[in-house]
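Raw contents of data06.tsv, TSV, C-alpha atoms:
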chain	number	residue	atom	x	y	z
A	1142	MET	CA	0.00	0.00	0.00
A	1143	LEU	CA	1.29	3.44	-0.96
A	1144	LEU	CA	0.02	6.47	0.89
A	1145	ALA	CA	1.08	10.05	0.35
A	1146	VAL	CA	-0.90	12.39	2.57
A	1147	LEU	CA	-2.15	14.84	0.01
A	1148	PHE	CA	-0.14	17.90	-0.90
A	1149	LEU	CA	0.91	19.93	-3.91
A	1150	GLN	CA	4.44	21.04	-4.71
A	1151	LYS	CA	4.37	24.51	-6.23
A	1152	LEU	CA	7.44	26.75	-6.48
A	1153	ASP	CA	9.15	24.52	-3.89
A	1154	ILE	CA	6.38	25.31	-1.40
A	1155	LEU	CA	4.31	22.58	0.25
A	1156	ILE	CA	0.58	23.26	-0.08
A	1157	VAL	CA	-1.51	20.90	2.01
A	1158	LEU	CA	-4.89	19.97	0.51
A	1159	LYS	CA	-7.69	19.92	3.07
A	1160	THR	CA	-9.94	17.31	1.45
A	1161	ALA	CA	-9.89	14.42	-1.00
A	1162	VAL	CA	-12.46	11.95	-2.29
A	1163	VAL	CA	-11.93	8.29	-3.18
A	1164	VAL	CA	-14.49	6.75	-5.56
A	1165	GLY	CA	-14.82	3.13	-6.62
A	1166	GLU	CA	-17.09	0.17	-7.22
A	1167	ASN	CA	-18.59	-2.03	-4.53
A	1168	ALA	CA	-15.97	-4.47	-3.21
A	1169	GLY	CA	-13.36	-2.47	-5.12
A	1170	GLY	CA	-11.04	-1.97	-2.15
A	1171	LYS	CA	-12.07	1.38	-0.64
A	1172	SER	CA	-12.75	0.00	2.83
A	1173	ASN	CA	-9.61	-2.14	2.72
A	1174	PHE	CA	-7.60	0.96	1.89
A	1175	VAL	CA	-8.84	2.69	5.04
A	1176	ARG	CA	-8.53	-0.52	7.05
A	1177	SER	CA	-4.92	-0.93	5.95
A	1178	LEU	CA	-4.11	2.39	7.63
A	1179	SER	CA	-5.55	1.04	10.88
A	1180	TYR	CA	-3.40	-2.04	10.40
A	1181	LEU	CA	-0.25	0.07	9.97
A	1182	GLN	CA	-1.20	2.23	12.95
A	1183	SER	CA	-1.63	-0.85	15.16
A	1184	PHE	CA	2.11	-1.60	14.97
A	1185	PHE	CA	2.84	1.82	16.49
A	1186	VAL	CA	0.22	1.45	19.23
A	1187	GLN	CA	0.90	-2.19	20.14
A	1188	THR	CA	4.68	-2.15	20.07
A	1189	GLU	CA	5.48	-5.69	21.23
A	1190	THR	CA	5.40	-7.45	17.84
A	1191	ALA	CA	5.07	-6.64	14.16
A	1192	ARG	CA	4.18	-9.35	11.68
A	1193	ALA	CA	1.61	-10.02	8.95
A	1194	TYR	CA	-1.72	-11.78	9.49
A	1195	THR	CA	-3.82	-13.54	6.87
A	1196	ASN	CA	-7.17	-12.21	8.04
A	1197	VAL	CA	-6.24	-8.52	8.03
A	1198	ILE	CA	-4.53	-7.46	4.81
A	1199	ASN	CA	-3.60	-9.21	1.55
A	1200	SER	CA	-5.63	-12.29	2.54
A	1201	ASN	CA	-6.15	-13.28	-1.09
A	1202	SER	CA	-2.42	-14.03	-1.35
A	1203	ASN	CA	-1.72	-15.23	2.21
A	1204	GLN	CA	-3.65	-18.51	2.00
A	1205	ASN	CA	-1.17	-20.69	3.84
A	1206	PHE	CA	-0.79	-19.96	7.54
A	1207	CYS	CA	2.51	-21.78	7.92
A	1208	PRO	CA	5.43	-19.28	7.92
A	1209	LYS	CA	7.71	-21.95	6.48
A	1210	MET	CA	5.46	-22.25	3.43
A	1211	ASN	CA	4.27	-18.65	2.98
A	1212	LYS	CA	6.56	-16.19	1.22
A	1213	ILE	CA	4.06	-13.35	0.78
A	1214	SER	CA	5.06	-10.01	2.32
A	1215	GLN	CA	3.01	-6.88	2.98
A	1216	THR	CA	4.47	-3.46	2.23
A	1217	PHE	CA	3.61	0.06	3.38
A	1218	ASP	CA	5.09	3.31	2.07
A	1219	ILE	CA	3.90	6.54	3.64
A	1220	GLU	CA	5.09	10.10	2.95
A	1221	VAL	CA	3.74	12.85	5.19
A	1222	SER	CA	4.22	16.40	6.32
A	1223	VAL	CA	3.42	16.37	10.02
A	1224	LYS	CA	4.16	19.91	11.16
A	1225	GLU	CA	2.20	23.09	10.50
A	1226	ASN	CA	3.72	25.81	8.30
A	1227	THR	CA	6.75	23.77	7.24
A	1228	ASN	CA	8.06	22.11	4.10
A	1229	ALA	CA	9.52	19.21	6.09
A	1230	LEU	CA	8.61	15.71	4.90
A	1231	TYR	CA	9.01	12.21	6.30
A	1232	LEU	CA	9.19	9.02	4.26
A	1233	TYR	CA	8.65	5.68	5.99
A	1234	HIS	CA	8.85	2.18	4.50
A	1235	LEU	CA	7.78	-1.05	6.20
A	1236	GLU	CA	7.72	-4.58	4.81
A	1237	LEU	CA	6.47	-7.56	6.84
A	1238	ASP	CA	5.76	-11.25	6.49
A	1239	PHE	CA	4.62	-13.99	8.89
A	1240	VAL	CA	8.04	-14.12	10.54
A	1241	GLY	CA	8.20	-10.39	11.25
A	1242	ILE	CA	9.81	-7.31	9.78
A	1243	VAL	CA	11.59	-7.82	6.46
A	1244	LYS	CA	12.68	-4.23	5.96
A	1245	GLU	CA	12.13	-0.88	7.70
A	1246	GLU	CA	13.43	2.51	6.54
A	1247	PHE	CA	12.92	6.08	7.71
A	1248	TYR	CA	13.96	9.29	5.87
A	1249	PHE	CA	13.60	13.05	6.41
A	1250	LYS	CA	14.07	16.27	4.45
A	1251	ASN	CA	13.46	19.83	5.65
A	1252	GLN	CA	12.68	21.29	2.21
A	1253	VAL	CA	10.58	19.93	-0.63
A	1254	LYS	CA	13.36	20.50	-3.15
A	1255	ASN	CA	15.98	18.68	-1.06
A	1256	LYS	CA	16.88	14.99	-1.24
A	1257	TYR	CA	15.79	12.65	1.53
A	1258	LYS	CA	18.33	11.95	4.26
A	1259	LYS	CA	18.36	8.53	5.89
A	1260	ILE	CA	17.58	8.41	9.60
A	1261	PHE	CA	17.85	4.64	9.79
A	1262	SER	CA	17.40	1.47	7.77
A	1263	MET	CA	16.95	-2.06	9.05
A	1264	GLU	CA	16.82	-5.15	6.82
A	1265	ARG	CA	16.50	-8.82	7.71
A	1266	ASP	CA	19.74	-10.66	7.09
A	1267	ASP	CA	18.68	-14.23	7.86
A	1268	TYR	CA	16.17	-16.24	9.86
A	1269	LEU	CA	15.67	-19.77	11.08
A	1270	ILE	CA	12.24	-21.19	11.89
A	1271	LYS	CA	11.90	-23.99	14.41
A	1272	CYS	CA	8.61	-25.90	14.32
A	1273	GLU	CA	7.14	-28.45	16.75
A	1274	ASN	CA	5.21	-30.09	13.93
A	1275	GLU	CA	6.95	-30.75	10.61
A	1276	ARG	CA	3.67	-31.33	8.76
A	1277	THR	CA	2.75	-28.47	6.43
A	1278	ASP	CA	-1.01	-29.14	6.66
A	1279	CYS	CA	-1.31	-29.19	10.46
A	1280	ASN	CA	-3.26	-25.87	10.64
A	1281	LYS	CA	-1.61	-25.22	14.01
A	1282	CYS	CA	1.41	-22.98	14.14
A	1283	HIS	CA	3.90	-23.58	16.93
A	1284	THR	CA	6.90	-21.93	15.37
A	1285	GLN	CA	9.70	-19.86	16.81
A	1286	ALA	CA	11.92	-17.76	14.58
A	1287	LYS	CA	15.48	-16.70	15.24
A	1288	VAL	CA	16.12	-13.60	13.16
A	1289	THR	CA	19.18	-11.44	12.47
A	1290	TYR	CA	19.06	-7.93	11.03
A	1291	LEU	CA	21.44	-5.44	9.46
A	1292	LEU	CA	20.99	-2.01	11.03
A	1293	ASP	CA	22.21	1.37	9.75
A	1294	VAL	CA	21.66	4.55	11.80
A	1295	PRO	CA	24.01	7.11	10.18
A	1296	ASP	CA	23.91	10.00	12.67
A	1297	SER	CA	23.51	8.07	15.93
A	1298	LYS	CA	26.09	7.56	18.62
A	1299	SER	CA	27.67	4.12	18.59
A	1300	GLU	CA	26.04	3.08	21.88
A	1301	ILE	CA	22.56	3.93	20.54
A	1302	GLU	CA	23.05	1.85	17.40
A	1303	LYS	CA	24.48	-0.95	19.53
A	1304	SER	CA	21.44	-0.85	21.85
A	1305	LEU	CA	19.06	-0.92	18.91
A	1306	GLY	CA	20.96	-3.84	17.41
A	1307	LYS	CA	20.53	-5.84	20.59
A	1308	ALA	CA	16.82	-5.06	20.70
A	1309	ILE	CA	16.07	-6.22	17.16
A	1310	ASN	CA	18.30	-9.29	17.00
A	1311	LYS	CA	16.39	-11.51	19.40
A	1312	GLU	CA	14.39	-14.69	19.04
A	1313	LYS	CA	11.27	-12.77	20.03
A	1314	THR	CA	10.71	-9.67	17.90
A	1315	LEU	CA	10.10	-6.45	19.84
A	1316	GLY	CA	8.20	-4.47	17.23
A	1317	LEU	CA	9.20	-1.53	15.05
A	1318	THR	CA	12.66	0.01	15.10
A	1319	ILE	CA	11.21	3.51	14.79
A	1320	THR	CA	9.31	3.19	18.08
A	1321	LYS	CA	12.52	2.08	19.82
A	1322	LEU	CA	14.38	5.03	18.32
A	1323	ALA	CA	11.65	7.35	19.59
A	1324	MET	CA	12.03	5.92	23.10
A	1325	LEU	CA	15.77	6.69	22.87
A	1326	GLY	CA	14.96	10.34	22.18
A	1327	ASN	CA	15.36	10.75	18.42
A	1328	GLU	CA	13.41	13.90	17.55
A	1329	HIS	CA	12.30	12.77	14.09
A	1330	ALA	CA	11.18	9.35	15.31
A	1331	ILE	CA	9.22	10.97	18.16
A	1332	THR	CA	7.48	13.40	15.79
A	1333	PHE	CA	6.54	10.78	13.19
A	1334	THR	CA	5.46	8.17	15.75
A	1335	ASP	CA	3.28	10.72	17.53
A	1336	TRP	CA	1.60	11.66	14.24
A	1337	ILE	CA	0.83	8.04	13.35
A	1338	LYS	CA	-0.56	7.29	16.80
A	1339	ASN	CA	-2.47	10.50	17.53
A	1340	TYR	CA	-3.09	12.42	14.30
A	1341	LEU	CA	-3.86	9.67	11.79
A	1342	CYS	CA	-7.53	8.71	12.19
A	1343	PRO	CA	-8.69	5.89	9.88
A	1344	GLU	CA	-12.40	5.27	10.45
A	1345	THR	CA	-13.81	2.16	8.76
A	1346	ASN	CA	-17.58	1.98	8.54
A	1347	ILE	CA	-18.03	-1.74	9.29
A	1348	ILE	CA	-21.37	-1.16	11.04
A	1349	ASN	CA	-23.52	1.90	11.68
A	1350	TYR	CA	-20.99	4.51	12.74
A	1351	ASP	CA	-23.05	5.86	15.63
A	1352	PHE	CA	-23.33	2.35	17.08
A	1353	TYR	CA	-19.61	1.80	16.54
A	1354	LYS	CA	-18.75	5.02	18.39
A	1355	SER	CA	-21.12	4.12	21.23
A	1356	MET	CA	-19.25	0.84	21.74
A	1357	LYS	CA	-15.85	2.57	21.83
A	1358	ASN	CA	-17.07	5.32	24.18
A	1359	GLU	CA	-13.75	7.17	24.15
A	1360	GLU	CA	-12.96	9.95	26.59
A	1361	GLU	CA	-11.59	12.08	23.74
A	1362	ASP	CA	-14.97	12.02	21.98
A	1363	LEU	CA	-16.77	13.09	25.15
A	1364	GLN	CA	-14.49	16.12	25.50
A	1365	ILE	CA	-15.28	17.17	21.93
A	1366	LEU	CA	-19.03	16.87	22.54
A	1367	HIS	CA	-18.67	19.35	25.40
A	1368	ASP	CA	-16.86	21.85	23.18
A	1369	SER	CA	-19.19	24.67	22.07
A	1370	ARG	CA	-17.72	24.58	18.53
A	1371	TYR	CA	-19.03	21.05	18.01
A	1372	LEU	CA	-22.65	22.25	17.91
A	1373	ASP	CA	-21.97	24.37	14.82
A	1374	ILE	CA	-20.83	21.25	12.98
A	1375	PHE	CA	-23.69	19.07	14.17
A	1376	ARG	CA	-26.31	21.69	13.25
A	1377	MET	CA	-25.37	21.39	9.56
A	1378	ILE	CA	-27.67	18.37	9.32
A	1379	ASP	CA	-30.72	20.19	10.76
A	1380	HIS	CA	-30.81	23.91	11.62
A	1381	SER	CA	-33.82	23.41	13.88
A	1382	ILE	CA	-31.36	21.81	16.32
A	1383	ILE	CA	-30.34	24.50	18.80
A	1384	ASP	CA	-28.70	22.45	21.54
A	1385	PHE	CA	-28.13	18.98	22.98
A	1386	LYS	CA	-27.62	17.56	26.45
A	1387	VAL	CA	-24.83	15.01	26.56
A	1388	ASP	CA	-25.41	11.75	28.38
A	1389	GLU	CA	-22.07	11.06	30.08
A	1390	GLU	CA	-22.42	7.27	30.09
A	1391	LYS	CA	-23.93	6.70	26.62
A	1392	PRO	CA	-23.35	9.90	24.63
A	1393	PHE	CA	-24.05	8.35	21.20
A	1394	LEU	CA	-27.32	6.78	22.31
A	1395	LYS	CA	-28.87	8.66	25.22
A	1396	THR	CA	-27.92	12.27	24.44
A	1397	MET	CA	-31.01	14.50	24.24
A	1398	ILE	CA	-31.35	16.62	21.07
A	1399	VAL	CA	-33.09	20.00	21.50
A	1400	ARG	CA	-35.00	21.46	18.54
A	1401	GLN	CA	-36.87	24.73	18.13
A	1402	LYS	CA	-40.12	25.20	16.21
A	1403	LYS	CA	-41.08	28.26	14.18
A	1404	ASP	CA	-43.19	29.57	17.06
A	1405	GLY	CA	-40.14	29.54	19.35
A	1406	SER	CA	-41.17	26.53	21.42
A	1407	THR	CA	-38.69	23.69	21.89
A	1408	PHE	CA	-38.88	19.94	22.20
A	1409	THR	CA	-36.30	17.24	22.94
A	1410	ARG	CA	-35.73	13.75	21.61
A	1411	GLU	CA	-33.30	11.04	22.60
A	1412	LEU	CA	-30.60	10.55	19.96
A	1413	ALA	CA	-31.36	6.83	19.69
A	1414	GLN	CA	-34.92	7.74	18.62
A	1415	ASP	CA	-33.83	10.20	15.95
A	1416	SER	CA	-33.28	9.46	12.25
A	1417	SER	CA	-30.38	7.28	11.14
A	1418	GLY	CA	-28.84	10.26	9.34
A	1419	VAL	CA	-28.88	12.42	12.48
A	1420	ARG	CA	-27.50	9.60	14.63
A	1421	GLU	CA	-24.61	8.84	12.30
A	1422	PHE	CA	-23.79	12.48	11.63
A	1423	PHE	CA	-23.68	13.13	15.37
A	1424	ALA	CA	-20.81	10.63	15.43
A	1425	TRP	CA	-19.13	11.75	12.20
A	1426	ALA	CA	-19.23	15.39	13.35
A	1427	VAL	CA	-16.68	14.39	15.99
A	1428	GLN	CA	-14.24	13.43	13.22
A	1429	ILE	CA	-14.90	16.67	11.34
A	1430	PHE	CA	-14.11	18.52	14.56
A	1431	LYS	CA	-10.77	16.67	14.79
A	1432	VAL	CA	-9.85	17.78	11.29
A	1433	VAL	CA	-10.72	21.46	11.70
A	1434	TYR	CA	-9.81	22.12	15.32
A	1435	GLU	CA	-7.18	19.46	16.11
A	1436	ASN	CA	-5.35	19.31	12.75
A	1437	LYS	CA	-5.84	15.58	12.40
A	1438	THR	CA	-5.92	13.54	9.20
A	1439	VAL	CA	-9.17	11.59	9.04
A	1440	PHE	CA	-9.84	8.81	6.53
A	1441	ALA	CA	-13.61	8.29	6.59
A	1442	ASP	CA	-15.11	5.23	4.94
A	1443	GLU	CA	-18.43	6.16	3.31
A	1444	MET	CA	-19.36	8.91	5.73
A	1445	ASP	CA	-21.94	10.22	3.27
A	1446	ARG	CA	-23.80	6.95	2.72
A	1447	VAL	CA	-26.75	8.28	4.75
A	1448	LEU	CA	-26.24	11.96	3.90
A	1449	ASN	CA	-27.82	13.78	0.98
A	1450	PRO	CA	-25.54	15.50	-1.58
A	1451	VAL	CA	-26.40	18.97	-0.25
A	1452	LEU	CA	-25.22	18.10	3.27
A	1453	SER	CA	-22.10	16.41	1.91
A	1454	ASP	CA	-21.20	19.59	0.00
A	1455	ARG	CA	-21.93	21.62	3.12
A	1456	VAL	CA	-19.49	19.51	5.14
A	1457	ILE	CA	-16.74	19.85	2.52
A	1458	SER	CA	-17.29	23.61	2.27
A	1459	PHE	CA	-17.05	23.92	6.04
A	1460	ILE	CA	-13.75	22.02	6.16
A	1461	CYS	CA	-12.27	23.98	3.26
A	1462	GLY	CA	-13.47	27.31	4.63
A	1463	LYS	CA	-11.67	26.98	7.96
A	1464	LYS	CA	-8.00	27.71	8.57
A	1465	HIS	CA	-6.33	24.50	9.76
A	1466	PHE	CA	-3.70	21.92	8.94
A	1467	GLY	CA	-5.95	18.86	9.09
A	1468	GLN	CA	-7.15	16.71	6.19
A	1469	PHE	CA	-10.40	14.91	5.47
A	1470	VAL	CA	-10.20	12.02	3.01
A	1471	PHE	CA	-13.41	10.08	2.43
A	1472	THR	CA	-14.58	7.20	0.29
A	1473	THR	CA	-17.92	7.47	-1.46
A	1474	HIS	CA	-20.32	6.09	-4.06
A	1475	ASN	CA	-21.75	9.55	-4.68
A	1476	VAL	CA	-20.56	10.46	-8.20
A	1477	LEU	CA	-21.68	14.07	-7.70
A	1478	HIS	CA	-18.39	14.59	-5.83
A	1479	LEU	CA	-16.59	14.16	-9.15
A	1480	ASP	CA	-16.70	17.86	-9.85
A	1481	LEU	CA	-13.76	20.09	-10.77
A	1482	LYS	CA	-15.60	23.15	-9.49
A	1483	ASN	CA	-15.12	22.03	-5.89
A	1484	TYR	CA	-12.03	19.82	-6.20
A	1485	MET	CA	-8.67	19.93	-7.88
A	1486	LYS	CA	-7.64	16.94	-9.97
A	1487	GLU	CA	-5.16	15.99	-7.24
A	1488	GLN	CA	-8.06	15.67	-4.77
A	1489	ILE	CA	-10.04	13.07	-6.72
A	1490	TYR	CA	-8.95	9.42	-6.53
A	1491	PHE	CA	-10.30	6.20	-8.01
A	1492	ILE	CA	-9.94	2.59	-6.90
A	1493	THR	CA	-10.16	-0.18	-9.49
A	1494	LYS	CA	-9.93	-3.90	-8.78
A	1495	ASP	CA	-8.39	-6.32	-11.27
A	1496	VAL	CA	-10.95	-9.04	-11.98
A	1497	GLU	CA	-8.27	-11.73	-12.35
A	1498	THR	CA	-5.80	-11.00	-9.53
A	1499	LEU	CA	-8.36	-9.23	-7.26
A	1500	GLU	CA	-5.71	-6.58	-6.57
A	1501	SER	CA	-6.90	-2.98	-6.19
A	1502	GLU	CA	-5.14	0.05	-7.65
A	1503	LEU	CA	-5.48	3.59	-6.31
A	1504	TYR	CA	-4.79	6.46	-8.72
A	1505	SER	CA	-5.57	10.13	-9.12
A	1506	LEU	CA	-7.55	12.09	-11.70
A	1507	ALA	CA	-4.32	14.06	-12.13
A	1508	ASP	CA	-2.97	10.98	-13.95
A	1509	PHE	CA	-5.30	11.87	-16.85
A	1510	PRO	CA	-3.76	14.93	-18.58
A	1511	GLU	CA	-6.52	14.89	-21.20
A	1512	ILE	CA	-9.07	15.83	-18.51
A	1513	ARG	CA	-9.19	19.64	-18.34
A	1514	TYR	CA	-10.71	21.88	-15.69
A	1515	GLU	CA	-13.34	23.21	-18.06
A	1516	THR	CA	-14.65	19.62	-18.15
A	1517	THR	CA	-16.58	19.93	-14.91
A	1518	LYS	CA	-18.86	16.88	-15.21
A	1519	ILE	CA	-16.24	14.25	-14.45
A	1520	TYR	CA	-18.93	11.82	-13.30
A	1521	GLU	CA	-20.09	11.42	-16.92
A	1522	PHE	CA	-16.66	10.04	-17.89
A	1523	TYR	CA	-16.70	7.89	-14.76
A	1524	MET	CA	-20.13	6.41	-15.50
A	1525	LYS	CA	-18.98	5.50	-19.00
A	1526	GLY	CA	-16.02	3.58	-17.54
A	1527	ILE	CA	-13.40	5.88	-19.10
A	1528	LEU	CA	-11.74	6.59	-15.74
A	1529	GLY	CA	-12.02	3.08	-14.32
A	1530	GLY	CA	-13.27	2.45	-10.80
What does this structure look like when you write it as structure tokens?
Amino acid sequence: MLLAVLFLQKLDILIVLKTAVVVGENAGGKSNFVRSLSYLQSFFVQTETARAYTNVINSNSNQNFCPKMNKISQTFDIEVSVKENTNALYLYHLELDFVGIVKEEFYFKNQVKNKYKKIFSMERDDYLIKCENERTDCNKCHTQAKVTYLLDVPDSKSEIEKSLGKAINKEKTLGLTITKLAMLGNEHAITFTDWIKNYLCPETNIINYDFYKSMKNEEEDLQILHDSRYLDIFRMIDHSIIDFKVDEEKPFLKTMIVRQKKDGSTFTRELAQDSSGVREFFAWAVQIFKVVYENKTVFADEMDRVLNPVLSDRVISFICGKKHFGQFVFTTHNVLHLDLKNYMKEQIYFITKDVETLESELYSLADFPEIRYETTKIYEFYMKGILGG
């Protein structure tokens, strides 16, 4: 998976784009794209181990659970600008298989026009798998791998590189090298790790999003609901809403919504009794808040599946109209978003799945030089299959 958090390079200046839309067919790979970001993020949050799993990513290829038989690896490349008002960029590469990390690299540059400078690289040199059961069809894995790595940390002190070497060359893997380097005080590793853990927000819509948020019941969400600026976002779905009273225990179910009639009288209704659109937008409005007021990068899977096109445009206009460093990237089936009046070509992406290999490809409208900005009705080309997806 290749991810470049969206930006434009113009006159050697980094211009961060606030929104982007990803369009594609059903079962084309949109949800897996967002889910893969959660998978990458999990290695930074749960730092004990890092290895591939068949039931998470690339499961079409990883059909054999036995590490001795499976040679399929999973690769992530991510390039991001994580600080406000700067041209600094980070480039991170991670490759894993069932044994563990195959290769990990981390680079930095402080100007767009400069070349990347290596912070560290770590590549597996050799490994030996011991198995309690020599049968390849046992369906039970009791393996232990002894792995050796080659480590290169150009600007570190010798004792730091030596300590890292001891940590990664063990029979039991201890997770990512970059998280270890952050613990040792490397400024770049700290900055990048913090962004992945706290500012990257992949939200996969596996079930109704309001129900999903009610199960998580995170303290961070509750703090946002008590922020007066949240109401302005939530009211975009229905301007008769003038207030709400948060239920501290079940905020996404029991919160009372206050509406005002034309005659000035008010009435309240429990959120769980409101429309599905209101319930889900109450939850999604939290993510919009994170983008605008906390400078986070949110990947939202089909946020607008229960929202009408007018409200969807209202949300995008709100995000683009505010001054912030966050980004909102969302997947959709709504072809009305394919409009060059509201988006640049670099903000529109398509996902197409190969019918033979079942592999999905993500590409931008900017890859089509024949499409010009005076051609505003991009959805007509899309519906004819000219753009794929």
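Minimum distance to Lys1437 of chain A across A:Ile1512, A:Ile1492, A:Cys1342, A:Val1253 (counting only C-alpha atoms) occurs at A:Cys1342.
Interatomic distance, atom CA of Leu1506 of chain A against atom CA of Tyr1490 of chain A: 6.0 Å.
The interatomic distance for the pair atom CA of Tyr1231 of chain A and atom CA of Tyr1340 of chain A works out to 14.5 Å.
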Legend entry - Atom-to-atom span, atom CA of Phe1509 of chain A and atom CA of Val1163 of chain A, Å: 15.6 Å
Inset, instruction - Quick one: everything within 12 Å of Val1439 of chain A, counting all atoms listed in the file, minus sequence neighbours fewer than 5 positions away in the same chain. Send it as a VMD selection string. - result: chain A and resid 1146 to 1147 1159 to 1162 1175 1178 to 1179 1336 to 1337 1339 to 1345 1425 to 1433 1444 1460 1466 to 1472
Write out the residues from the selection above, keeping C-alpha atoms, as a PDB file, keeping the file's coordinate frame.
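What follows is the written file part_19.pdb:
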ATOM      1  CA  VAL A1146      -0.900  12.390   2.570  1.00  0.00           C
ATOM      2  CA  LEU A1147      -2.150  14.840   0.010  1.00  0.00           C
ATOM      3  CA  LYS A1159      -7.690  19.920   3.070  1.00  0.00           C
ATOM      4  CA  THR A1160      -9.940  17.310   1.450  1.00  0.00           C
ATOM      5  CA  ALA A1161      -9.890  14.420  -1.000  1.00  0.00           C
ATOM      6  CA  VAL A1162     -12.460  11.950  -2.290  1.00  0.00           C
ATOM      7  CA  VAL A1175      -8.840   2.690   5.040  1.00  0.00           C
ATOM      8  CA  LEU A1178      -4.110   2.390   7.630  1.00  0.00           C
ATOM      9  CA  SER A1179      -5.550   1.040  10.880  1.00  0.00           C
ATOM     10  CA  TRP A1336       1.600  11.660  14.240  1.00  0.00           C
ATOM     11  CA  ILE A1337       0.830   8.040  13.350  1.00  0.00           C
ATOM     12  CA  ASN A1339      -2.470  10.500  17.530  1.00  0.00           C
ATOM     13  CA  TYR A1340      -3.090  12.420  14.300  1.00  0.00           C
ATOM     14  CA  LEU A1341      -3.860   9.670  11.790  1.00  0.00           C
ATOM     15  CA  CYS A1342      -7.530   8.710  12.190  1.00  0.00           C
ATOM     16  CA  PRO A1343      -8.690   5.890   9.880  1.00  0.00           C
ATOM     17  CA  GLU A1344     -12.400   5.270  10.450  1.00  0.00           C
ATOM     18  CA  THR A1345     -13.810   2.160   8.760  1.00  0.00           C
ATOM     19  CA  TRP A1425     -19.130  11.750  12.200  1.00  0.00           C
ATOM     20  CA  ALA A1426     -19.230  15.390  13.350  1.00  0.00           C
ATOM     21  CA  VAL A1427     -16.680  14.390  15.990  1.00  0.00           C
ATOM     22  CA  GLN A1428     -14.240  13.430  13.220  1.00  0.00           C
ATOM     23  CA  ILE A1429     -14.900  16.670  11.340  1.00  0.00           C
ATOM     24  CA  PHE A1430     -14.110  18.520  14.560  1.00  0.00           C
ATOM     25  CA  LYS A1431     -10.770  16.670  14.790  1.00  0.00           C
ATOM     26  CA  VAL A1432      -9.850  17.780  11.290  1.00  0.00           C
ATOM     27  CA  VAL A1433     -10.720  21.460  11.700  1.00  0.00           C
ATOM     28  CA  MET A1444     -19.360   8.910   5.730  1.00  0.00           C
ATOM     29  CA  ILE A1460     -13.750  22.020   6.160  1.00  0.00           C
ATOM     30  CA  PHE A1466      -3.700  21.920   8.940  1.00  0.00           C
ATOM     31  CA  GLY A1467      -5.950  18.860   9.090  1.00  0.00           C
ATOM     32  CA  GLN A1468      -7.150  16.710   6.190  1.00  0.00           C
ATOM     33  CA  PHE A1469     -10.400  14.910   5.470  1.00  0.00           C
ATOM     34  CA  VAL A1470     -10.200  12.020   3.010  1.00  0.00           C
ATOM     35  CA  PHE A1471     -13.410  10.080   2.430  1.00  0.00           C
ATOM     36  CA  THR A1472     -14.580   7.200   0.290  1.00  0.00           C
TER      37      THR A1472
END
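With all atoms listed in the file as the basis for measurement, A:Val1164 is the residue among A:Met1324, A:Leu1452, A:Val1387, A:Val1164 that approaches Ser1505 of chain A most closely.
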Inset, instruction - Find the residues around Glu1515 of chain A up to 9 Å (only C-alpha atoms counted), leave out those fewer than 3 positions away in its own chain, and share them as a list in words. - result: Leu1481, Lys1482, Ile1512 and Lys1518 of chain A
For those residues, write C-alpha atoms to a file as a short mmCIF file (atom, residue, chain, number, x, y, z; two decimals), in the coordinates of the input.
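In the end it all went to result11.cif:
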data_model
loop_
_atom_site.label_atom_id
_atom_site.label_comp_id
_atom_site.auth_asym_id
_atom_site.auth_seq_id
_atom_site.Cartn_x
_atom_site.Cartn_y
_atom_site.Cartn_z
CA LEU A 1481 -13.76 20.09 -10.77
CA LYS A 1482 -15.60 23.15 -9.49
CA ILE A 1512 -9.07 15.83 -18.51
CA LYS A 1518 -18.86 16.88 -15.21
#
Legend entry - Shell around Thr1216 of chain A at 8 Å using only C-alpha atoms, local window under 3 positions removed, as a list in words: Met1142, His1234, Leu1235, Glu1236 and Leu1237 of chain A
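Neighbouring residues of Lys1386 of chain A at 7 Å or closer, counting only C-alpha atoms and skipping chain neighbours under 4 positions away, are A:Thr1396, A:Met1397, A:Ile1398.
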